[in-house]
$ cat upload_5.cif   # mmCIF, N, CA, C and O atoms
data_run
loop_
_atom_site.label_atom_id
_atom_site.label_comp_id
_atom_site.auth_asym_id
_atom_site.auth_seq_id
_atom_site.Cartn_x
_atom_site.Cartn_y
_atom_site.Cartn_z
N MET V 12 -3.74 -13.76 -3.52
CA MET V 12 -2.72 -13.35 -2.58
C MET V 12 -3.37 -13.13 -1.22
O MET V 12 -4.44 -12.55 -1.13
N THR V 13 -2.70 -13.53 -0.20
CA THR V 13 -3.26 -13.38 1.14
C THR V 13 -3.08 -11.94 1.63
O THR V 13 -2.28 -11.17 1.09
N ASN V 14 -3.85 -11.58 2.66
CA ASN V 14 -3.74 -10.25 3.24
C ASN V 14 -2.33 -9.99 3.76
O ASN V 14 -1.81 -8.89 3.64
N ARG V 15 -1.71 -11.01 4.33
CA ARG V 15 -0.37 -10.85 4.87
C ARG V 15 0.65 -10.53 3.78
O ARG V 15 1.51 -9.66 3.94
N THR V 16 0.54 -11.23 2.65
CA THR V 16 1.46 -10.99 1.54
C THR V 16 1.30 -9.57 1.00
O THR V 16 2.29 -8.87 0.75
N VAL V 17 0.06 -9.15 0.81
CA VAL V 17 -0.20 -7.80 0.31
C VAL V 17 0.31 -6.76 1.31
O VAL V 17 0.90 -5.74 0.92
N MET V 18 0.12 -7.03 2.60
CA MET V 18 0.60 -6.10 3.63
C MET V 18 2.12 -5.96 3.58
O MET V 18 2.65 -4.84 3.61
N ILE V 19 2.83 -7.07 3.47
CA ILE V 19 4.29 -7.03 3.43
C ILE V 19 4.78 -6.29 2.18
O ILE V 19 5.67 -5.45 2.26
N LEU V 20 4.18 -6.58 1.04
CA LEU V 20 4.57 -5.89 -0.19
C LEU V 20 4.26 -4.40 -0.13
O LEU V 20 5.04 -3.57 -0.62
N ALA V 21 3.13 -4.05 0.46
CA ALA V 21 2.76 -2.63 0.57
C ALA V 21 3.74 -1.88 1.47
O ALA V 21 4.15 -0.77 1.14
N PHE V 22 4.11 -2.48 2.60
CA PHE V 22 5.05 -1.81 3.48
C PHE V 22 6.45 -1.73 2.85
O PHE V 22 7.15 -0.73 3.03
N ALA V 23 6.84 -2.75 2.10
CA ALA V 23 8.14 -2.70 1.41
C ALA V 23 8.13 -1.58 0.37
O ALA V 23 9.11 -0.82 0.25
N ALA V 24 7.04 -1.47 -0.38
CA ALA V 24 6.94 -0.39 -1.37
C ALA V 24 6.93 0.97 -0.68
O ALA V 24 7.53 1.93 -1.18
N ALA V 25 6.27 1.06 0.46
CA ALA V 25 6.23 2.33 1.20
C ALA V 25 7.62 2.75 1.64
O ALA V 25 7.99 3.93 1.54
N VAL V 26 8.41 1.80 2.10
CA VAL V 26 9.78 2.11 2.53
C VAL V 26 10.61 2.61 1.34
O VAL V 26 11.33 3.60 1.44
N LEU V 27 10.48 1.94 0.20
CA LEU V 27 11.25 2.35 -0.98
C LEU V 27 10.82 3.73 -1.47
O LEU V 27 11.66 4.56 -1.83
N PHE V 28 9.51 3.99 -1.51
CA PHE V 28 9.03 5.30 -1.95
C PHE V 28 9.44 6.39 -0.96
O PHE V 28 9.79 7.50 -1.37
N ALA V 29 9.40 6.08 0.33
CA ALA V 29 9.81 7.08 1.32
C ALA V 29 11.30 7.39 1.18
O ALA V 29 11.70 8.57 1.24
N LEU V 30 12.10 6.38 0.96
CA LEU V 30 13.54 6.59 0.75
C LEU V 30 13.78 7.44 -0.49
O LEU V 30 14.58 8.38 -0.47
N ALA V 31 13.07 7.12 -1.58
CA ALA V 31 13.23 7.91 -2.80
C ALA V 31 12.76 9.34 -2.59
O ALA V 31 13.38 10.29 -3.10
N GLY V 32 11.68 9.52 -1.82
CA GLY V 32 11.20 10.87 -1.54
C GLY V 32 12.18 11.69 -0.72
O GLY V 32 12.42 12.86 -1.01
N ILE V 33 12.76 11.07 0.28
CA ILE V 33 13.73 11.77 1.12
C ILE V 33 14.97 12.14 0.32
O ILE V 33 15.48 13.27 0.42
N LEU V 34 15.44 11.22 -0.51
CA LEU V 34 16.61 11.52 -1.34
C LEU V 34 16.30 12.62 -2.35
O LEU V 34 17.15 13.47 -2.63
N SER V 35 15.10 12.60 -2.92
CA SER V 35 14.72 13.65 -3.87
C SER V 35 14.65 15.01 -3.18
O SER V 35 15.10 16.01 -3.74
N LEU V 36 14.07 15.02 -1.99
CA LEU V 36 14.01 16.29 -1.26
C LEU V 36 15.40 16.78 -0.90
O LEU V 36 15.69 17.99 -0.95
N ALA V 37 16.28 15.87 -0.54
CA ALA V 37 17.64 16.25 -0.19
C ALA V 37 18.40 16.81 -1.39
O ALA V 37 19.26 17.68 -1.25
N ASN V 38 18.05 16.35 -2.58
CA ASN V 38 18.70 16.83 -3.81
C ASN V 38 18.03 18.09 -4.36
O ASN V 38 18.43 18.58 -5.41
N GLY V 39 16.98 18.57 -3.70
CA GLY V 39 16.34 19.81 -4.10
C GLY V 39 15.15 19.67 -5.03
O GLY V 39 14.61 20.66 -5.49
N SER V 40 14.72 18.45 -5.31
CA SER V 40 13.57 18.24 -6.19
C SER V 40 12.32 18.08 -5.32
O SER V 40 11.92 16.97 -4.97
N THR V 41 11.70 19.21 -4.99
CA THR V 41 10.58 19.16 -4.05
C THR V 41 9.35 18.49 -4.64
O THR V 41 8.63 17.78 -3.94
N GLY V 42 9.10 18.69 -5.93
CA GLY V 42 7.91 18.08 -6.54
C GLY V 42 7.99 16.57 -6.54
O GLY V 42 7.06 15.87 -6.12
N THR V 43 9.11 16.04 -7.01
CA THR V 43 9.29 14.59 -7.05
C THR V 43 9.32 14.01 -5.65
O THR V 43 8.74 12.95 -5.39
N GLY V 44 10.00 14.68 -4.74
CA GLY V 44 10.07 14.21 -3.36
C GLY V 44 8.71 14.14 -2.71
O GLY V 44 8.37 13.16 -2.04
N THR V 45 7.91 15.17 -2.95
CA THR V 45 6.55 15.20 -2.37
C THR V 45 5.69 14.08 -2.95
O THR V 45 4.97 13.40 -2.21
N LEU V 46 5.75 13.88 -4.26
CA LEU V 46 4.96 12.82 -4.88
C LEU V 46 5.37 11.44 -4.36
O LEU V 46 4.52 10.58 -4.13
N ASN V 47 6.67 11.24 -4.18
CA ASN V 47 7.14 9.96 -3.65
C ASN V 47 6.67 9.75 -2.22
O ASN V 47 6.29 8.63 -1.83
N LEU V 48 6.67 10.80 -1.42
CA LEU V 48 6.19 10.66 -0.03
C LEU V 48 4.69 10.42 0.02
O LEU V 48 4.21 9.66 0.87
N VAL V 49 3.94 11.03 -0.89
CA VAL V 49 2.49 10.77 -0.95
C VAL V 49 2.24 9.32 -1.36
O VAL V 49 1.38 8.64 -0.79
N ALA V 50 3.00 8.83 -2.33
CA ALA V 50 2.87 7.42 -2.75
C ALA V 50 3.20 6.49 -1.58
O ALA V 50 2.51 5.48 -1.37
N ALA V 51 4.23 6.83 -0.82
CA ALA V 51 4.59 6.02 0.34
C ALA V 51 3.45 5.99 1.35
O ALA V 51 3.12 4.94 1.90
N ALA V 52 2.84 7.15 1.58
CA ALA V 52 1.72 7.22 2.53
C ALA V 52 0.54 6.36 2.05
O ALA V 52 -0.10 5.68 2.86
N LEU V 53 0.28 6.36 0.76
CA LEU V 53 -0.82 5.53 0.23
C LEU V 53 -0.53 4.05 0.40
O LEU V 53 -1.42 3.26 0.73
N PHE V 54 0.72 3.66 0.19
CA PHE V 54 1.07 2.25 0.40
C PHE V 54 0.96 1.87 1.88
O PHE V 54 0.58 0.74 2.21
N VAL V 55 1.28 2.79 2.77
CA VAL V 55 1.10 2.52 4.20
C VAL V 55 -0.37 2.32 4.51
O VAL V 55 -0.75 1.42 5.26
N VAL V 56 -1.24 3.14 3.92
CA VAL V 56 -2.68 3.00 4.14
C VAL V 56 -3.15 1.63 3.67
O VAL V 56 -3.91 0.94 4.37
N VAL V 57 -2.70 1.20 2.50
CA VAL V 57 -3.08 -0.13 1.99
C VAL V 57 -2.59 -1.21 2.95
O VAL V 57 -3.32 -2.16 3.27
N GLY V 58 -1.37 -1.09 3.42
CA GLY V 58 -0.82 -2.08 4.35
C GLY V 58 -1.60 -2.14 5.65
O GLY V 58 -1.87 -3.23 6.17
N VAL V 59 -2.01 -0.99 6.17
CA VAL V 59 -2.77 -0.95 7.42
C VAL V 59 -4.15 -1.57 7.22
O VAL V 59 -4.63 -2.32 8.07
N ILE V 60 -4.78 -1.28 6.07
CA ILE V 60 -6.09 -1.87 5.80
C ILE V 60 -5.98 -3.39 5.75
O ILE V 60 -6.80 -4.11 6.32
N ARG V 61 -4.95 -3.89 5.08
CA ARG V 61 -4.77 -5.34 5.01
C ARG V 61 -4.40 -5.92 6.36
O ARG V 61 -4.79 -7.03 6.69
N LEU V 62 -3.63 -5.18 7.15
CA LEU V 62 -3.25 -5.65 8.47
C LEU V 62 -4.47 -5.81 9.36
O LEU V 62 -4.57 -6.74 10.15
N ARG V 63 -5.43 -4.91 9.21
CA ARG V 63 -6.64 -4.95 10.02
C ARG V 63 -7.68 -5.92 9.45
O ARG V 63 -8.80 -5.99 9.94
N GLY V 64 -7.32 -6.65 8.39
CA GLY V 64 -8.23 -7.68 7.87
C GLY V 64 -9.18 -7.17 6.82
O GLY V 64 -10.33 -7.60 6.78
N GLY V 65 -8.72 -6.28 5.97
CA GLY V 65 -9.56 -5.79 4.88
C GLY V 65 -10.01 -6.92 4.00
O GLY V 65 -9.36 -7.95 3.89
N ARG V 66 -11.13 -6.72 3.33
CA ARG V 66 -11.67 -7.82 2.52
C ARG V 66 -10.78 -8.09 1.33
O ARG V 66 -10.06 -7.24 0.86
N ARG V 67 -10.85 -9.30 0.84
CA ARG V 67 -10.03 -9.71 -0.29
C ARG V 67 -10.51 -9.01 -1.55
O ARG V 67 -11.66 -8.62 -1.66
N GLY V 68 -9.63 -8.88 -2.50
CA GLY V 68 -10.02 -8.31 -3.79
C GLY V 68 -11.00 -9.22 -4.48
O GLY V 68 -11.12 -10.40 -4.19
N GLY V 69 -11.73 -8.66 -5.40
CA GLY V 69 -12.71 -9.50 -6.07
C GLY V 69 -13.41 -8.72 -7.15
O GLY V 69 -12.82 -7.88 -7.82
N ARG V 70 -14.69 -9.01 -7.28
CA ARG V 70 -15.44 -8.43 -8.37
C ARG V 70 -16.09 -7.11 -8.01
O ARG V 70 -16.95 -6.64 -8.73
N GLY V 71 -15.75 -6.53 -6.90
CA GLY V 71 -16.25 -5.22 -6.57
C GLY V 71 -17.66 -5.18 -6.03
O GLY V 71 -18.35 -4.17 -6.16
N GLY V 72 -18.15 -6.26 -5.49
CA GLY V 72 -19.45 -6.22 -4.83
C GLY V 72 -20.59 -6.82 -5.63
O GLY V 72 -21.66 -7.00 -5.10
N ASP V 73 -20.40 -7.13 -6.91
CA ASP V 73 -21.50 -7.75 -7.63
C ASP V 73 -21.41 -9.27 -7.43
O ASP V 73 -20.38 -9.82 -7.13
N GLY V 74 -22.53 -9.91 -7.57
CA GLY V 74 -22.54 -11.35 -7.40
C GLY V 74 -23.07 -11.72 -6.01
O GLY V 74 -23.40 -10.88 -5.19
N PRO V 75 -23.16 -13.02 -5.78
CA PRO V 75 -23.72 -13.49 -4.50
C PRO V 75 -22.78 -13.18 -3.33
O PRO V 75 -21.57 -13.09 -3.51
N PRO V 76 -23.34 -12.99 -2.14
CA PRO V 76 -22.51 -12.73 -0.97
C PRO V 76 -21.67 -13.96 -0.61
O PRO V 76 -22.06 -15.09 -0.89
N ARG V 77 -20.55 -13.71 0.01
CA ARG V 77 -19.68 -14.82 0.44
C ARG V 77 -20.19 -15.41 1.73
O ARG V 77 -20.84 -14.75 2.51
N ARG V 78 -19.85 -16.67 1.95
CA ARG V 78 -20.28 -17.33 3.19
C ARG V 78 -19.28 -17.11 4.27
O ARG V 78 -18.16 -17.00 4.14
#
$ encode --input "upload_5.cif" --output "structure tokens"
Amino acid sequence: MTNRTVMILAFAAAVLFALAGILSLANGSTGTGTLNLVAAALFVVVGVIRLRGGRRGGRGGDGPPRR
């Protein structure tokens, strides 16, 4: 998957989690709302890392360096 695809999916997930968090908070469920907002923030971080050209997923650093 390209960085752009991962970025778009991450931001879409962040929007959905943020919406769920806001609705949960509005309904009085502070624990669930907070967890959803934290998940949204993590997806935003992933999207920003990919937007800035984060390295592709792989084997975690073992093996020969890429060219």
$ residues_around --input "upload_5.cif" --residues "region 30-32 of chain V" --least-positions-apart "4" --cutoff "8 Å" --atoms "all atoms listed in the file" --output "list in words"
Ala23, Ala24, Ala25, Val26, Leu36, Ala37, Asn38, Gly39, Ser40, Thr41, Gly42, Thr43, Gly44, Thr45, Leu46, Asn47, Leu48, Val49 and Ala51 of chain V
$ atom_distance --input "upload_5.cif" --atom1 "atom N of Leu27 (chain V)" --atom2 "atom C of Val59 (chain V)"
16.6 Å
$ resolve_selection --input "upload_5.cif" --expression "the PyMOL selection byres (((chain V and resi 60 and name CA) around 12) and name CA)" --output "compact mmCIF listing (two decimals) with N, CA, C and O atoms, in the frame of the given file"
# COMPACT_ATOMS: atom_id res chain seq x y z
N ASN V 14 -3.85 -11.58 2.66
CA ASN V 14 -3.74 -10.25 3.24
C ASN V 14 -2.33 -9.99 3.76
O ASN V 14 -1.81 -8.89 3.64
N ARG V 15 -1.71 -11.01 4.33
CA ARG V 15 -0.37 -10.85 4.87
C ARG V 15 0.65 -10.53 3.78
O ARG V 15 1.51 -9.66 3.94
N VAL V 17 0.06 -9.15 0.81
CA VAL V 17 -0.20 -7.80 0.31
C VAL V 17 0.31 -6.76 1.31
O VAL V 17 0.90 -5.74 0.92
N MET V 18 0.12 -7.03 2.60
CA MET V 18 0.60 -6.10 3.63
C MET V 18 2.12 -5.96 3.58
O MET V 18 2.65 -4.84 3.61
N ILE V 19 2.83 -7.07 3.47
CA ILE V 19 4.29 -7.03 3.43
C ILE V 19 4.78 -6.29 2.18
O ILE V 19 5.67 -5.45 2.26
N ALA V 21 3.13 -4.05 0.46
CA ALA V 21 2.76 -2.63 0.57
C ALA V 21 3.74 -1.88 1.47
O ALA V 21 4.15 -0.77 1.14
N PHE V 22 4.11 -2.48 2.60
CA PHE V 22 5.05 -1.81 3.48
C PHE V 22 6.45 -1.73 2.85
O PHE V 22 7.15 -0.73 3.03
N LEU V 53 0.28 6.36 0.76
CA LEU V 53 -0.82 5.53 0.23
C LEU V 53 -0.53 4.05 0.40
O LEU V 53 -1.42 3.26 0.73
N PHE V 54 0.72 3.66 0.19
CA PHE V 54 1.07 2.25 0.40
C PHE V 54 0.96 1.87 1.88
O PHE V 54 0.58 0.74 2.21
N VAL V 55 1.28 2.79 2.77
CA VAL V 55 1.10 2.52 4.20
C VAL V 55 -0.37 2.32 4.51
O VAL V 55 -0.75 1.42 5.26
N VAL V 56 -1.24 3.14 3.92
CA VAL V 56 -2.68 3.00 4.14
C VAL V 56 -3.15 1.63 3.67
O VAL V 56 -3.91 0.94 4.37
N VAL V 57 -2.70 1.20 2.50
CA VAL V 57 -3.08 -0.13 1.99
C VAL V 57 -2.59 -1.21 2.95
O VAL V 57 -3.32 -2.16 3.27
N GLY V 58 -1.37 -1.09 3.42
CA GLY V 58 -0.82 -2.08 4.35
C GLY V 58 -1.60 -2.14 5.65
O GLY V 58 -1.87 -3.23 6.17
N VAL V 59 -2.01 -0.99 6.17
CA VAL V 59 -2.77 -0.95 7.42
C VAL V 59 -4.15 -1.57 7.22
O VAL V 59 -4.63 -2.32 8.07
N ARG V 61 -4.95 -3.89 5.08
CA ARG V 61 -4.77 -5.34 5.01
C ARG V 61 -4.40 -5.92 6.36
O ARG V 61 -4.79 -7.03 6.69
N LEU V 62 -3.63 -5.18 7.15
CA LEU V 62 -3.25 -5.65 8.47
C LEU V 62 -4.47 -5.81 9.36
O LEU V 62 -4.57 -6.74 10.15
N ARG V 63 -5.43 -4.91 9.21
CA ARG V 63 -6.64 -4.95 10.02
C ARG V 63 -7.68 -5.92 9.45
O ARG V 63 -8.80 -5.99 9.94
N GLY V 64 -7.32 -6.65 8.39
CA GLY V 64 -8.23 -7.68 7.87
C GLY V 64 -9.18 -7.17 6.82
O GLY V 64 -10.33 -7.60 6.78
N GLY V 65 -8.72 -6.28 5.97
CA GLY V 65 -9.56 -5.79 4.88
C GLY V 65 -10.01 -6.92 4.00
O GLY V 65 -9.36 -7.95 3.89
N ARG V 66 -11.13 -6.72 3.33
CA ARG V 66 -11.67 -7.82 2.52
C ARG V 66 -10.78 -8.09 1.33
O ARG V 66 -10.06 -7.24 0.86
N ARG V 67 -10.85 -9.30 0.84
CA ARG V 67 -10.03 -9.71 -0.29
C ARG V 67 -10.51 -9.01 -1.55
O ARG V 67 -11.66 -8.62 -1.66
$ atom_distance --input "upload_5.cif" --atom1 "CA of Ala52 (chain V)" --atom2 "atom N of Met12 (chain V)"
22.5 Å
$ atom_distance --input "upload_5.cif" --atom1 "atom C of Leu34 (chain V)" --atom2 "atom O of Ala50 (chain V)"
15.6 Å
